[in-house]
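Pasted below: data.cif, mmCIF, C-alpha atoms.
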```cif
data_run
loop_
_atom_site.label_atom_id
_atom_site.label_comp_id
_atom_site.auth_asym_id
_atom_site.auth_seq_id
_atom_site.Cartn_x
_atom_site.Cartn_y
_atom_site.Cartn_z
CA MET A 1 2.91 7.67 -4.68
CA SER A 2 3.42 11.31 -5.56
CA GLU A 3 6.89 12.77 -5.29
CA THR A 4 8.16 16.22 -4.56
CA ALA A 5 11.68 17.56 -4.42
CA SER A 6 11.29 18.11 -0.66
CA THR A 7 9.95 14.65 0.10
CA PRO A 8 12.42 11.92 -0.86
CA SER A 9 11.20 8.41 -1.31
CA TRP A 10 12.38 5.34 0.57
CA ALA A 11 13.91 2.00 -0.39
CA THR A 12 14.71 -1.17 1.57
CA LEU A 13 17.23 -3.85 0.69
CA ARG A 14 15.36 -7.13 1.01
CA GLN A 15 17.36 -9.87 -0.74
CA VAL A 16 21.00 -10.47 -1.59
CA VAL A 17 21.10 -12.92 -4.49
CA ILE A 18 24.20 -14.97 -5.22
CA ALA A 19 24.52 -16.98 -8.42
CA THR A 20 26.54 -20.18 -8.47
CA THR A 21 27.22 -23.28 -10.50
CA GLU A 22 27.71 -25.24 -7.25
CA HIS A 23 24.27 -24.80 -5.78
CA ASP A 24 24.03 -27.84 -3.52
CA SER A 25 27.52 -27.60 -2.05
CA ASP A 26 27.31 -23.83 -1.54
CA LEU A 27 24.01 -24.17 0.29
CA THR A 28 25.42 -26.93 2.48
CA ALA A 29 28.41 -24.75 3.41
CA VAL A 30 26.35 -21.65 4.14
CA ARG A 31 23.67 -23.46 6.12
CA LYS A 32 26.27 -25.27 8.20
CA ALA A 33 28.31 -22.14 8.90
CA PHE A 34 25.45 -19.77 9.69
CA GLY A 35 22.79 -22.14 11.03
CA LEU A 36 20.30 -21.13 8.35
CA GLY A 37 17.37 -23.41 7.62
CA ALA A 38 16.12 -24.88 4.37
CA GLY A 39 14.17 -21.73 3.58
CA PHE A 40 12.02 -21.97 0.46
CA ALA A 41 12.17 -21.64 -3.32
CA ASP A 42 10.89 -18.65 -5.25
CA PRO A 43 7.90 -20.25 -7.01
CA GLU A 44 8.45 -18.30 -10.24
CA LEU A 45 12.11 -19.17 -10.89
CA HIS A 46 11.53 -22.79 -11.89
CA ASP A 47 10.00 -21.65 -15.17
CA LEU A 48 13.11 -19.53 -15.78
CA PHE A 49 15.33 -22.65 -15.61
CA MET A 50 16.79 -21.74 -12.23
CA ASP A 51 17.27 -23.57 -8.95
CA ASP A 52 16.63 -21.35 -5.98
CA ALA A 53 16.95 -21.35 -2.21
CA THR A 54 15.78 -18.26 -0.32
CA MET A 55 16.86 -18.29 3.33
CA PRO A 56 15.52 -15.79 5.89
CA VAL A 57 18.37 -14.19 7.83
CA SER A 58 16.07 -11.80 9.70
CA VAL A 59 12.39 -10.95 9.50
CA ASP A 60 13.24 -8.34 6.84
CA ARG A 61 16.12 -9.74 4.79
CA TYR A 62 17.02 -12.86 2.88
CA LEU A 63 20.11 -14.55 1.49
CA GLU A 64 19.28 -16.24 -1.80
CA PHE A 65 21.30 -18.66 -3.92
CA VAL A 66 20.32 -19.29 -7.53
CA ALA A 67 21.80 -21.59 -10.15
CA PRO A 68 21.03 -22.36 -13.78
CA THR A 69 19.43 -25.72 -14.42
CA GLY A 70 20.59 -25.61 -18.02
CA PRO A 71 21.94 -23.34 -20.76
CA GLU A 72 18.43 -21.91 -21.28
CA ALA A 73 18.74 -19.89 -18.07
CA ALA A 74 19.67 -16.25 -18.53
CA VAL A 75 22.14 -16.54 -15.67
CA HIS A 76 24.00 -19.52 -17.20
CA ARG A 77 26.35 -17.64 -19.49
CA TRP A 78 27.01 -14.91 -16.93
CA VAL A 79 27.86 -17.15 -14.00
CA THR A 80 30.08 -19.33 -16.20
CA LYS A 81 31.92 -16.24 -17.47
CA ILE A 82 32.70 -14.93 -13.98
CA GLY A 83 34.11 -18.24 -12.81
CA GLY A 84 31.13 -20.01 -11.30
CA ARG A 85 30.01 -17.78 -8.42
CA GLY A 86 29.34 -14.12 -7.62
CA GLY A 87 26.93 -11.46 -6.50
CA TYR A 88 24.05 -11.45 -8.95
CA VAL A 89 21.09 -9.28 -7.89
CA LEU A 90 20.12 -6.92 -5.10
CA SER A 91 16.35 -6.89 -4.60
CA VAL A 92 15.21 -3.55 -3.24
CA GLN A 93 11.65 -2.71 -2.20
CA HIS A 94 10.53 0.66 -3.55
CA PRO A 95 7.05 2.21 -3.50
CA ASP A 96 7.19 3.69 -7.00
CA PRO A 97 9.03 1.64 -9.66
CA ASP A 98 7.26 3.62 -12.40
CA ALA A 99 9.00 6.78 -11.27
CA VAL A 100 12.33 4.94 -10.99
CA LYS A 101 11.89 3.65 -14.53
CA ALA A 102 11.12 7.14 -15.85
CA ARG A 103 14.22 8.58 -14.19
CA ALA A 104 16.32 5.67 -15.44
CA LEU A 105 15.26 6.05 -19.06
CA ALA A 106 15.66 9.82 -18.91
CA SER A 107 19.25 9.40 -17.73
CA GLY A 108 20.17 6.69 -20.25
CA VAL A 109 19.93 3.72 -17.88
CA ARG A 110 18.50 0.64 -19.56
CA VAL A 111 15.53 -1.21 -18.07
CA PRO A 112 15.73 -4.74 -19.54
CA ILE A 113 12.98 -6.18 -17.32
CA ASP A 114 9.57 -4.64 -16.63
CA THR A 115 7.10 -7.25 -15.45
CA GLU A 116 4.93 -8.47 -12.58
CA ALA A 117 5.60 -11.16 -10.01
CA LEU A 118 3.01 -12.39 -7.54
CA GLY A 119 0.86 -9.39 -8.39
CA HIS A 120 3.53 -6.74 -7.89
CA ARG A 121 5.41 -4.60 -10.38
CA ILE A 122 9.11 -5.37 -10.87
CA ILE A 123 11.75 -3.59 -12.89
CA GLN A 124 15.42 -4.40 -13.26
CA LEU A 125 18.12 -1.89 -14.15
CA HIS A 126 20.99 -2.97 -16.39
CA PRO A 127 24.16 -3.93 -14.48
CA GLN A 128 26.43 -2.20 -16.99
CA ASP A 129 24.62 1.06 -16.25
CA VAL A 130 24.22 0.97 -12.45
CA GLY A 131 27.07 -1.27 -11.24
CA LEU A 132 25.04 -4.44 -10.69
CA LEU A 133 21.70 -5.99 -11.58
CA LEU A 134 19.38 -3.86 -9.46
CA GLU A 135 15.81 -5.09 -9.02
CA LEU A 136 13.14 -2.69 -7.79
CA ASP A 137 10.10 -4.42 -6.32
CA GLY A 138 7.01 -2.24 -6.19
CA ILE A 139 5.37 -2.93 -2.84
CA ALA A 140 4.10 0.33 -1.35
CA ASP A 141 3.51 -1.03 2.18
CA ARG A 142 6.89 -0.90 3.94
CA GLN A 143 5.82 -3.71 6.27
CA ALA A 144 4.83 -6.11 3.47
CA TRP A 145 6.91 -8.39 1.29
CA PHE A 146 6.45 -11.17 -1.26
CA TRP A 147 6.98 -13.99 1.20
CA ASP A 148 4.74 -12.95 4.07
CA ASP A 149 2.47 -15.95 3.48
CA ILE A 150 5.18 -18.58 3.02
CA ASN A 151 8.14 -17.25 4.99
CA PRO A 152 9.12 -19.76 7.69
CA GLY A 153 11.06 -17.00 9.47
CA PRO A 154 14.69 -16.95 10.57
CA GLU A 155 16.03 -19.93 12.48
CA PRO A 156 15.83 -19.19 16.23
CA ASP A 157 19.28 -20.69 16.87
CA ALA A 158 21.04 -19.32 13.78
CA ALA A 159 24.56 -17.94 14.16
CA VAL A 160 23.69 -14.76 12.23
CA SER A 161 20.77 -12.42 12.80
CA ASP A 162 20.71 -9.94 9.91
CA ILE A 163 22.30 -8.72 6.71
CA VAL A 164 24.09 -5.50 7.65
CA GLY A 165 25.31 -4.42 4.23
CA VAL A 166 26.96 -5.32 0.94
CA GLU A 167 30.19 -3.99 -0.56
CA VAL A 168 30.22 -3.87 -4.35
CA PRO A 169 33.29 -2.99 -6.46
CA VAL A 170 32.49 -0.47 -9.19
CA ALA A 171 34.50 1.77 -11.51
CA ASP A 172 33.49 5.05 -9.83
CA PRO A 173 32.07 4.68 -6.31
CA ALA A 174 31.11 8.34 -5.86
CA ALA A 175 29.34 8.57 -9.22
CA THR A 176 27.47 5.30 -8.67
CA THR A 177 26.36 6.42 -5.21
CA ALA A 178 25.03 9.71 -6.59
CA GLN A 179 23.31 7.83 -9.44
CA TRP A 180 21.49 5.45 -7.07
CA HIS A 181 20.36 8.31 -4.85
CA ALA A 182 18.95 10.11 -7.87
CA LEU A 183 17.28 7.07 -9.40
CA LEU A 184 15.70 5.93 -6.13
CA ASP A 185 14.85 9.49 -5.06
CA LEU A 186 16.76 9.22 -1.78
CA GLY A 187 17.93 12.80 -1.50
CA GLU A 188 21.54 13.94 -1.57
CA PRO A 189 24.19 11.32 -0.79
CA GLY A 190 26.53 11.74 2.16
CA ALA A 191 30.28 12.07 2.00
CA GLU A 192 30.87 8.31 1.85
CA SER A 193 29.99 6.07 -1.10
CA VAL A 194 27.10 4.45 0.78
CA VAL A 195 23.42 4.06 -0.04
CA HIS A 196 21.28 3.47 3.06
CA LEU A 197 18.40 1.11 2.35
CA GLY A 198 16.03 0.59 5.25
CA GLY A 199 18.41 -0.45 8.01
CA CYS A 200 20.91 -1.97 5.59
CA TRP A 201 23.45 -0.40 3.27
CA VAL A 202 25.24 -0.82 -0.03
CA ARG A 203 28.79 0.51 -0.11
CA PHE A 204 30.51 1.01 -3.45
CA VAL A 205 34.27 0.43 -3.42
CA PRO A 206 36.93 0.89 -6.12
CA GLY A 207 38.02 -1.97 -8.31
CA GLY A 208 35.02 -2.88 -10.39
CA PRO A 209 32.83 -3.57 -12.05
CA SER A 210 33.03 -6.93 -10.31
CA ALA A 211 30.68 -9.58 -8.93
CA GLU A 212 33.07 -10.26 -6.04
CA TRP A 213 30.83 -8.78 -3.38
CA THR A 214 31.41 -8.74 0.37
CA VAL A 215 28.26 -9.51 2.35
CA HIS A 216 28.30 -8.24 5.95
CA LEU A 217 26.27 -10.31 8.41
CA ARG A 218 25.52 -9.60 12.05
CA ARG A 219 26.54 -12.28 14.51
CA ALA A 220 23.67 -13.54 16.61
CA ASP A 221 23.77 -12.71 20.28
CA SER A 222 24.17 -16.36 21.24
CA PRO A 223 26.86 -19.02 21.66
CA ALA A 224 26.34 -19.97 18.01
CA GLY A 225 27.05 -16.38 16.96
CA SER A 226 30.24 -16.14 18.97
CA ALA A 227 31.61 -19.31 17.40
CA VAL A 228 30.59 -18.78 13.77
CA GLU A 229 33.19 -18.73 11.00
CA ALA A 230 32.40 -17.65 7.46
CA PRO A 231 32.60 -20.31 4.75
CA SER A 232 35.16 -19.99 1.98
CA LEU A 233 33.34 -19.50 -1.32
CA PRO A 234 35.54 -18.03 -4.06
CA GLY A 235 33.82 -15.06 -5.67
CA ILE A 236 31.83 -14.11 -2.55
CA ARG A 237 33.18 -12.99 0.81
CA PHE A 238 31.26 -12.94 4.08
CA GLU A 239 32.23 -10.54 6.89
CA LEU A 240 30.83 -11.04 10.38
CA VAL A 241 30.18 -8.06 12.64
#
```

Would it be possible to restate this file's structure as structure tokens?
Amino acid sequence: MSETASTPSWATLRQVVIATTEHDSDLTAVRKAFGLGAGFADPELHDLFMDDATMPVSVDRYLEFVAPTGPEAAVHRWVTKIGGRGGYVLSVQHPDPDAVKARALASGVRVPIDTEALGHRIIQLHPQDVGLLLELDGIADRQAWFWDDINPGPEPDAAVSDIVGVEVPVADPAATTAQWHALLDLGEPGAESVVHLGGCWVRFVPGGPSAEWTVHLRRADSPAGSAVEAPSLPGIRFELV
């Protein structure tokens, strides 16, 4: 995709990934509270020594829990260091990861991962440079995603119907917001420390860097939605709107 200064790109938040050392119990709590189904496992994470459960919350967005299966996993040391649970990765669909990588390297942002998954280009930007582990998934068709062939879809009677946004504590919310807008080619940021990502948002708040994210979920318009209560999982907070 060619870029010009007058034609910003686009980006869509697709997956909120939480890392935990209590995979089974966390999944039980979240599924019970929100009425989410079994979902499916990312077929490529097994070889990276990770357990995975990816649960559709809407047709566009997923809540994913990963856990190390042993000390070989890259996430093992990190999740142990933070106390056993926290926000790990935001997976964002972007049509031009090559351009993002070029801008990142030019600005001193490290790109520790540059690979392919299921035939699509993936890069990851270093969490110490951009506030969290940011994954850019290069799928140019805005209507397409990795799981279109295996996605069972959101549960029809779930208590939540979408991921609205994620709050992430960082050292300098305004600077991080401006950095993300520049890296993702999203034009000039607004007055608030918010990055809008395809019907969802990431809001940077003071107090970080920290993996203690707040995930905002929309209540379903149903009796289940009106009665839902967020589970208590130290290190991750869920807000219902």

Which residues of region 107-184 of chain A come within 10 Å of region 28-47 of chain A, and what is each one's closest atom pair and distance in Å (one decimal), counting all atoms listed in the file, sorted by chain and residue number, as JSON lines?
```
{"residue": "A:Ala117", "atom": "CA", "partner": "A:Glu44", "partner_atom": "CA", "distance": 7.7}
{"residue": "A:Leu118", "atom": "CA", "partner": "A:Glu44", "partner_atom": "CA", "distance": 8.5}
{"residue": "A:Phe146", "atom": "CA", "partner": "A:Asp42", "partner_atom": "CA", "distance": 9.6}
{"residue": "A:Trp147", "atom": "CA", "partner": "A:Asp42", "partner_atom": "CA", "distance": 8.9}
{"residue": "A:Ile150", "atom": "CA", "partner": "A:Phe40", "partner_atom": "CA", "distance": 8.1}
{"residue": "A:Asn151", "atom": "CA", "partner": "A:Phe40", "partner_atom": "CA", "distance": 7.6}
{"residue": "A:Pro152", "atom": "CA", "partner": "A:Gly39", "partner_atom": "CA", "distance": 6.8}
{"residue": "A:Gly153", "atom": "CA", "partner": "A:Gly39", "partner_atom": "CA", "distance": 8.2}
{"residue": "A:Pro154", "atom": "CA", "partner": "A:Leu36", "partner_atom": "CA", "distance": 7.3}
{"residue": "A:Glu155", "atom": "CA", "partner": "A:Leu36", "partner_atom": "CA", "distance": 6.1}
{"residue": "A:Pro156", "atom": "CA", "partner": "A:Gly35", "partner_atom": "CA", "distance": 9.2}
{"residue": "A:Asp157", "atom": "CA", "partner": "A:Gly35", "partner_atom": "CA", "distance": 7.0}
{"residue": "A:Ala158", "atom": "CA", "partner": "A:Gly35", "partner_atom": "CA", "distance": 4.3}
{"residue": "A:Ala159", "atom": "CA", "partner": "A:Phe34", "partner_atom": "CA", "distance": 4.9}
{"residue": "A:Val160", "atom": "CA", "partner": "A:Phe34", "partner_atom": "CA", "distance": 5.9}
{"residue": "A:Ser161", "atom": "CA", "partner": "A:Phe34", "partner_atom": "CA", "distance": 9.3}
```

Just so the selection is clear, what residues does the PyMOL selection byres ((chain A and resi 215-226) around 6) cover here, as an NGL selection string? :A and (159-166 or 214 or 227-228 or 238-241)

Care to translate the PyMOL selection byres ((chain A and resi 168) around 10) into actual residues of this file, as a list in words? Gly87, Gly131, Leu132, Gly165, Val166, Glu167, Pro169, Val170, Pro173, Val202, Arg203, Phe204, Val205, Pro206, Gly207, Gly208, Pro209, Ser210, Ala211, Glu212, Trp213, Thr214 and Val215 of chain A

Could you list as a ChimeraX atom specification every residue that has an atom within 8 Å of (17.1, -11.1, -12.4), using the file's coordinates and counting only C-alpha atoms? /A:88-89,124,133,135

Near Asp185 (chain A), within 7 Å and counting all atoms listed in the file, which residues show up once chain neighbours fewer than 3 positions away are dropped, as a count of residues only? 4

Residues in the PyMOL selection byres ((chain A and resi 92) around 12), expressed as number ranges by chain: A: 10-17, 60-62, 89-91, 93-97, 100, 122-125, 133-140, 142, 145-146, 180, 184, 195-198, 200-202
